[in-house]
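Comments concern the structure below.
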Amino acid sequence: VSATNLRRAFEGMTVVTANGTPTSTTLTNATLTSATTDKYKGRPLYYLTGNLAGELVEVTAYNGSTKTLTHTASPSGLSASAGDLALLA
């Protein structure tokens, strides 16, 4: 895979860090820039670190005021921890 193709594959993706007290269905990240409710709804969220590392969930709602992503339950049923990283595609 060429560097150009690899870069294109990751365009539009955002690495988010779980802040506060995440649950098995929520992740808050103060650095998400959109204030638009449901801006990220329907997008995949792939956990990179922590209890949910390697798990893929779908964003079902987004609160633009609190910067909270709500997602489908993780396959393991575990919760993320503050500081965990996830890739928002």
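Letters A, B, ... mark the chains of the structure tokens in the order given; residue numbers begin at 1 per chain; ligand numbers begin at 1, in order shown.
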_Spatial neighbours of A:Thr17, max dist 10 Å, only C-alpha atoms, sep filter under 4 positions, as a PyMOL selection string_ = chain A and resi 27-32+47-49+81-87
Requested write-out: N, CA, C and O atoms of the selected residues, as an mmCIF file, in the first residue's frame:
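result_27.cif written:
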data_model
loop_
_atom_site.group_PDB
_atom_site.id
_atom_site.type_symbol
_atom_site.label_atom_id
_atom_site.label_comp_id
_atom_site.auth_asym_id
_atom_site.auth_seq_id
_atom_site.Cartn_x
_atom_site.Cartn_y
_atom_site.Cartn_z
ATOM 1 N N LEU A 27 -18.747 7.739 25.922
ATOM 2 C CA LEU A 27 -17.382 8.259 25.950
ATOM 3 C C LEU A 27 -17.475 9.759 25.772
ATOM 4 O O LEU A 27 -18.110 10.232 24.833
ATOM 5 N N THR A 28 -16.892 10.513 26.682
ATOM 6 C CA THR A 28 -16.868 11.968 26.588
ATOM 7 C C THR A 28 -15.462 12.413 26.225
ATOM 8 O O THR A 28 -14.492 11.905 26.777
ATOM 9 N N ASN A 29 -15.368 13.343 25.284
ATOM 10 C CA ASN A 29 -14.078 13.880 24.864
ATOM 11 C C ASN A 29 -14.234 15.366 24.625
ATOM 12 O O ASN A 29 -14.872 15.783 23.660
ATOM 13 N N ALA A 30 -13.642 16.165 25.493
ATOM 14 C CA ALA A 30 -13.798 17.621 25.431
ATOM 15 C C ALA A 30 -13.185 18.245 24.185
ATOM 16 O O ALA A 30 -13.507 19.380 23.850
ATOM 17 N N THR A 31 -12.319 17.539 23.483
ATOM 18 C CA THR A 31 -11.667 18.138 22.315
ATOM 19 C C THR A 31 -12.434 17.923 21.010
ATOM 20 O O THR A 31 -12.018 18.437 19.976
ATOM 21 N N LEU A 32 -13.531 17.170 21.040
ATOM 22 C CA LEU A 32 -14.351 17.075 19.827
ATOM 23 C C LEU A 32 -14.870 18.470 19.511
ATOM 24 O O LEU A 32 -15.351 19.175 20.393
ATOM 25 N N TYR A 47 -11.969 1.028 19.646
ATOM 26 C CA TYR A 47 -11.136 1.266 20.819
ATOM 27 C C TYR A 47 -9.722 0.740 20.585
ATOM 28 O O TYR A 47 -9.525 -0.383 20.145
ATOM 29 N N LEU A 48 -8.732 1.575 20.884
ATOM 30 C CA LEU A 48 -7.320 1.244 20.666
ATOM 31 C C LEU A 48 -6.623 0.766 21.925
ATOM 32 O O LEU A 48 -5.656 -0.001 21.848
ATOM 33 N N THR A 49 -7.064 1.225 23.102
ATOM 34 C CA THR A 49 -6.392 0.887 24.354
ATOM 35 C C THR A 49 -7.409 0.559 25.439
ATOM 36 O O THR A 49 -8.601 0.815 25.285
ATOM 37 N N SER A 81 -12.077 3.257 30.307
ATOM 38 C CA SER A 81 -11.547 4.000 31.459
ATOM 39 C C SER A 81 -11.049 5.354 30.971
ATOM 40 O O SER A 81 -10.700 5.502 29.795
ATOM 41 N N ALA A 82 -11.020 6.324 31.871
ATOM 42 C CA ALA A 82 -10.476 7.634 31.518
ATOM 43 C C ALA A 82 -9.067 7.458 30.978
ATOM 44 O O ALA A 82 -8.272 6.686 31.521
ATOM 45 N N GLY A 83 -8.779 8.117 29.881
ATOM 46 C CA GLY A 83 -7.463 8.025 29.249
ATOM 47 C C GLY A 83 -7.400 7.023 28.110
ATOM 48 O O GLY A 83 -6.439 7.025 27.340
ATOM 49 N N ASP A 84 -8.404 6.164 27.990
ATOM 50 C CA ASP A 84 -8.418 5.200 26.869
ATOM 51 C C ASP A 84 -8.533 5.943 25.544
ATOM 52 O O ASP A 84 -9.190 6.986 25.464
ATOM 53 N N LEU A 85 -7.917 5.391 24.527
ATOM 54 C CA LEU A 85 -7.959 5.984 23.185
ATOM 55 C C LEU A 85 -8.890 5.185 22.292
ATOM 56 O O LEU A 85 -8.943 3.959 22.347
ATOM 57 N N ALA A 86 -9.605 5.895 21.410
ATOM 58 C CA ALA A 86 -10.468 5.252 20.420
ATOM 59 C C ALA A 86 -10.334 6.013 19.111
ATOM 60 O O ALA A 86 -10.005 7.199 19.092
ATOM 61 N N LEU A 87 -10.583 5.323 18.030
ATOM 62 C CA LEU A 87 -10.518 5.913 16.700
ATOM 63 C C LEU A 87 -11.940 6.101 16.191
ATOM 64 O O LEU A 87 -12.690 5.136 16.053
#
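When DSSP reads the backbone of this structure, the residues of chain A it assigns to alpha helix (DSSP H) are Ala3, Thr4, Asn5, Leu6, Arg7, Arg8, Ala9 and Phe10 of chain A.
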*Test item: residues at most 8 Å from A:Tyr62, only C-alpha atoms, excluding those fewer than 4 positions along its chain, as a PyMOL selection string*: chain A and resi 37-41+67-70
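Note that atom CA of A:Arg43 and atom CA of A:Thr21 are 21.6 Å apart.
Atom to atom, atom CA of A:Gly50 and atom CA of A:Thr33 stand 23.9 Å apart.
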*If you count only C-alpha atoms, which residues fall within 7 Å of A:Gly42, apart from same-chain ones fewer than 2 positions away, as a PyMOL selection string?*
chain A and resi 40+44+58-60
*If you run DSSP on this backbone, which residues of chain A come out as strand (DSSP E), and could you give them as a PyMOL selection string?*
chain A and resi 14-17+26-28+44-47+56-63+68-71+85-88
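Using only C-alpha atoms, the nearest neighbour of A:Ala53 within the list A:Thr72, A:Ser34, A:Thr26, A:Ser79 is A:Ser79.
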*Separation of atom CA of A:Gly12 and atom CA of A:Ala61, in Å?*
18.5 Å
*Considering only C-alpha atoms, return as a list in words whatever protein or nucleic-acid residues lie within 10 Å of A:Gly77, sequence-local ones (same chain, fewer than 3 positions apart) excluded.*
Thr23, Ser24, Thr25, Asn51, Leu52, Ala73, Ser74 and Ala80 of chain A
